[in-house]
Amino acid sequence: MQTAKWLAPVLLVAAMSAQAQDGTFQSRSLTPETALTAARAALDACRKQGFQVTVVVTDRAGLTQVLLRDRFAGPHTVEVASNKAWTAVSFRTSTAVIAAETQPGRPMSGLRTLPRLLAAGGGQVIEAAGSILGAIGVSGGPTGEADDSCAAAGIKAITDAIEF
């Protein structure tokens, strides 16, 4: 009987503690330095191919962490790269996949009316160990595939830093 008197409060505190832990979560984020490394690597990859581009790296919420625009990249590339990164992180998939899935006549074609959605290659999700950390968007290459290759180079440059 005495055991039951002290056991009940202990169990109550343990249950409350477990509930408090379920009410929050932790997430990982890119550091500004890591985001900058990815952007620089993507910019360099495009330069080596002769393209003047803009690169944007966002956090997991789609907010810009880094924006790099090469000297002669078109003024439109700033908004396009930003929207590619936003689209990739928002939909948790590459913009090349979004481009394919939102073609006219496809069930998801209505998504193309969203103001920031950009359905063209060049936006990729940055993830590690199943967690989305952000996204990278590149604009200014001659094709979406060219932009995609530069975005992939940016992600490759930070792979060791983001693995956990």
# chains A, B, ... in the order shown; residues from 1 in each chain; ligands from 1

call {"tool": "select_by_dssp", "arguments": {"residues": "chain A", "states": "helix (DSSP H, G or I)", "output": "VMD selection string"}}
result
chain A and resid 2 to 22 32 to 48 76 to 91 95 to 101 109 to 113 144 to 162

call {"tool": "closest_atom_pairs", "arguments": {"of": "region 124-158 of chain A", "to": "region 38-43 of chain A", "cutoff": "12 Å", "atoms": "only C-alpha atoms", "output": "CSV"}}
result
residue,atom,partner,partner_atom,distance
A:Gln124,CA,A:Ala42,CA,11.6
A:Ile126,CA,A:Ala38,CA,9.8
A:Gly134,CA,A:Ala38,CA,11.1
A:Ala135,CA,A:Ala38,CA,10.0
A:Ile136,CA,A:Ala39,CA,7.6
A:Gly137,CA,A:Ala39,CA,9.0
A:Val138,CA,A:Ala42,CA,7.7
A:Ser139,CA,A:Leu43,CA,10.1
A:Gly140,CA,A:Leu43,CA,10.3
A:Gly141,CA,A:Leu43,CA,10.6
A:Ala146,CA,A:Ala42,CA,10.9
A:Asp147,CA,A:Ala42,CA,8.8
A:Asp148,CA,A:Ala42,CA,9.4
A:Ser149,CA,A:Ala42,CA,8.3
A:Cys150,CA,A:Ala42,CA,4.7
A:Ala151,CA,A:Ala42,CA,5.4
A:Ala152,CA,A:Ala42,CA,7.4
A:Ala153,CA,A:Ala42,CA,5.4
A:Gly154,CA,A:Ala38,CA,4.1
A:Ile155,CA,A:Ala38,CA,5.8
A:Lys156,CA,A:Ala38,CA,7.9
A:Ala157,CA,A:Ala38,CA,6.0
A:Ile158,CA,A:Ala38,CA,6.0

call {"tool": "write_last_selection", "arguments": {"atoms": "N, CA, C and O atoms", "output": "compact mmCIF listing (two decimals), in the first residue's frame"}}
result
# COMPACT_ATOMS: atom_id res chain seq x y z
N GLN A 124 16.84 21.61 -56.70
CA GLN A 124 16.99 20.30 -56.05
C GLN A 124 16.94 20.45 -54.54
O GLN A 124 17.41 21.45 -53.98
N ILE A 126 18.04 19.63 -50.79
CA ILE A 126 19.27 19.26 -50.06
C ILE A 126 18.81 18.46 -48.86
O ILE A 126 18.08 18.96 -48.00
N GLY A 134 17.18 21.91 -46.85
CA GLY A 134 16.98 23.10 -47.67
C GLY A 134 16.88 22.71 -49.12
O GLY A 134 16.53 21.58 -49.45
N ALA A 135 17.22 23.66 -49.98
CA ALA A 135 17.19 23.41 -51.43
C ALA A 135 18.16 24.36 -52.11
O ALA A 135 18.58 25.36 -51.54
N ILE A 136 18.48 24.01 -53.35
CA ILE A 136 19.34 24.85 -54.17
C ILE A 136 18.65 25.05 -55.51
O ILE A 136 18.08 24.11 -56.07
N GLY A 137 18.68 26.29 -56.00
CA GLY A 137 18.11 26.61 -57.30
C GLY A 137 19.14 27.32 -58.15
O GLY A 137 19.86 28.19 -57.67
N VAL A 138 19.21 26.93 -59.42
CA VAL A 138 20.16 27.53 -60.36
C VAL A 138 19.39 27.99 -61.59
O VAL A 138 18.52 27.26 -62.09
N SER A 139 19.70 29.19 -62.08
CA SER A 139 19.07 29.71 -63.28
C SER A 139 20.10 30.45 -64.12
O SER A 139 20.92 31.19 -63.59
N GLY A 140 20.02 30.24 -65.43
CA GLY A 140 20.90 30.95 -66.34
C GLY A 140 21.58 30.06 -67.35
O GLY A 140 22.12 30.55 -68.34
N GLY A 141 21.56 28.76 -67.12
CA GLY A 141 22.13 27.84 -68.10
C GLY A 141 21.21 27.75 -69.31
O GLY A 141 20.08 28.22 -69.29
N ALA A 146 21.07 21.64 -67.71
CA ALA A 146 22.34 22.29 -67.40
C ALA A 146 22.29 22.90 -66.01
O ALA A 146 23.23 22.76 -65.21
N ASP A 147 21.19 23.58 -65.69
CA ASP A 147 21.03 24.15 -64.36
C ASP A 147 21.04 23.04 -63.30
O ASP A 147 21.64 23.19 -62.24
N ASP A 148 20.39 21.93 -63.62
CA ASP A 148 20.34 20.79 -62.69
C ASP A 148 21.73 20.24 -62.40
O ASP A 148 22.05 19.89 -61.26
N SER A 149 22.57 20.16 -63.43
CA SER A 149 23.91 19.61 -63.22
C SER A 149 24.72 20.51 -62.29
O SER A 149 25.50 20.02 -61.46
N CYS A 150 24.53 21.81 -62.40
CA CYS A 150 25.23 22.74 -61.51
C CYS A 150 24.70 22.64 -60.09
O CYS A 150 25.47 22.67 -59.13
N ALA A 151 23.38 22.51 -59.94
CA ALA A 151 22.79 22.34 -58.61
C ALA A 151 23.32 21.07 -57.96
O ALA A 151 23.66 21.06 -56.77
N ALA A 152 23.42 20.00 -58.74
CA ALA A 152 23.94 18.73 -58.22
C ALA A 152 25.39 18.89 -57.76
O ALA A 152 25.80 18.33 -56.74
N ALA A 153 26.18 19.67 -58.49
CA ALA A 153 27.57 19.93 -58.08
C ALA A 153 27.61 20.67 -56.76
O ALA A 153 28.49 20.41 -55.92
N GLY A 154 26.68 21.59 -56.55
CA GLY A 154 26.62 22.30 -55.28
C GLY A 154 26.32 21.37 -54.12
O GLY A 154 26.95 21.46 -53.06
N ILE A 155 25.38 20.46 -54.32
CA ILE A 155 25.04 19.51 -53.27
C ILE A 155 26.20 18.55 -53.02
O ILE A 155 26.53 18.26 -51.86
N LYS A 156 26.83 18.10 -54.09
CA LYS A 156 27.97 17.18 -53.93
C LYS A 156 29.09 17.81 -53.10
O LYS A 156 29.73 17.14 -52.30
N ALA A 157 29.28 19.11 -53.25
CA ALA A 157 30.35 19.80 -52.53
C ALA A 157 30.14 19.83 -51.01
O ALA A 157 31.10 20.01 -50.27
N ILE A 158 28.90 19.65 -50.57
CA ILE A 158 28.63 19.71 -49.12
C ILE A 158 28.21 18.37 -48.53
O ILE A 158 27.90 18.31 -47.34

call {"tool": "atom_distance", "arguments": {"atom1": "CA of Ile132 (chain A)", "atom2": "CA of Arg92 (chain A)"}}
result
7.8 Å

call {"tool": "closest_residue", "arguments": {"among": "A:Gly123, A:Arg106, A:Ser82, A:Asp70", "to": "Ser94 (chain A)", "atoms": "only C-alpha atoms"}}
result
A:Gly123

call {"tool": "residues_around", "arguments": {"residues": "Arg116 (chain A)", "least_positions_apart": "3", "cutoff": "9 Å", "atoms": "only C-alpha atoms", "output": "list in words"}}
result
Ser82, Asn83, Lys84, Trp86, Thr87, Arg112 and Thr113 of chain A

call {"tool": "select_by_dssp", "arguments": {"residues": "region 21-110 of chain A", "states": "strand (DSSP E or B)", "output": "list in words"}}
result
Thr54, Val55, Val56, Val57, Thr58, Asp59, Thr64, Gln65, Val66, Leu67, Leu68 and Arg69 of chain A

call {"tool": "write_last_selection", "arguments": {"atoms": "N, CA and C atoms", "output": "PDB file, in the first residue's frame"}}
result
ATOM      1  N   THR A  54      22.669  32.474 -61.694  1.00  0.00           N
ATOM      2  CA  THR A  54      22.388  32.854 -60.317  1.00  0.00           C
ATOM      3  C   THR A  54      22.096  31.566 -59.563  1.00  0.00           C
ATOM      4  N   VAL A  55      22.610  31.488 -58.335  1.00  0.00           N
ATOM      5  CA  VAL A  55      22.386  30.333 -57.471  1.00  0.00           C
ATOM      6  C   VAL A  55      21.752  30.823 -56.178  1.00  0.00           C
ATOM      7  N   VAL A  56      20.703  30.138 -55.753  1.00  0.00           N
ATOM      8  CA  VAL A  56      20.055  30.435 -54.478  1.00  0.00           C
ATOM      9  C   VAL A  56      20.018  29.169 -53.653  1.00  0.00           C
ATOM     10  N   VAL A  57      20.384  29.280 -52.379  1.00  0.00           N
ATOM     11  CA  VAL A  57      20.247  28.181 -51.427  1.00  0.00           C
ATOM     12  C   VAL A  57      19.267  28.646 -50.357  1.00  0.00           C
ATOM     13  N   THR A  58      18.251  27.819 -50.115  1.00  0.00           N
ATOM     14  CA  THR A  58      17.260  28.144 -49.089  1.00  0.00           C
ATOM     15  C   THR A  58      17.376  27.204 -47.909  1.00  0.00           C
ATOM     16  N   ASP A  59      16.761  27.603 -46.801  1.00  0.00           N
ATOM     17  CA  ASP A  59      16.644  26.706 -45.665  1.00  0.00           C
ATOM     18  C   ASP A  59      15.446  25.789 -45.900  1.00  0.00           C
ATOM     19  N   THR A  64      15.555  32.276 -48.263  1.00  0.00           N
ATOM     20  CA  THR A  64      16.888  32.381 -48.848  1.00  0.00           C
ATOM     21  C   THR A  64      17.962  32.511 -47.781  1.00  0.00           C
ATOM     22  N   GLN A  65      18.980  31.668 -47.894  1.00  0.00           N
ATOM     23  CA  GLN A  65      20.169  31.765 -47.041  1.00  0.00           C
ATOM     24  C   GLN A  65      21.312  32.412 -47.807  1.00  0.00           C
ATOM     25  N   VAL A  66      21.433  32.041 -49.092  1.00  0.00           N
ATOM     26  CA  VAL A  66      22.529  32.563 -49.915  1.00  0.00           C
ATOM     27  C   VAL A  66      21.988  32.819 -51.320  1.00  0.00           C
ATOM     28  N   LEU A  67      22.418  33.920 -51.903  1.00  0.00           N
ATOM     29  CA  LEU A  67      22.122  34.226 -53.296  1.00  0.00           C
ATOM     30  C   LEU A  67      23.421  34.727 -53.925  1.00  0.00           C
ATOM     31  N   LEU A  68      23.865  34.046 -54.965  1.00  0.00           N
ATOM     32  CA  LEU A  68      25.052  34.468 -55.718  1.00  0.00           C
ATOM     33  C   LEU A  68      24.661  34.646 -57.179  1.00  0.00           C
ATOM     34  N   ARG A  69      24.937  35.814 -57.719  1.00  0.00           N
ATOM     35  CA  ARG A  69      24.648  36.092 -59.132  1.00  0.00           C
ATOM     36  C   ARG A  69      25.958  36.419 -59.833  1.00  0.00           C
TER      37      ARG A  69
END

call {"tool": "atom_distance", "arguments": {"atom1": "CA of Glu127 (chain A)", "atom2": "CA of Gln49 (chain A)"}}
result
25.6 Å

call {"tool": "residues_around", "arguments": {"residues": "Ile162 (chain A)", "least_positions_apart": "2", "cutoff": "8 Å", "atoms": "only C-alpha atoms", "output": "list in words"}}
result
Leu30, Glu127, Ala128, Ile158, Thr159, Asp160 and Phe164 of chain A
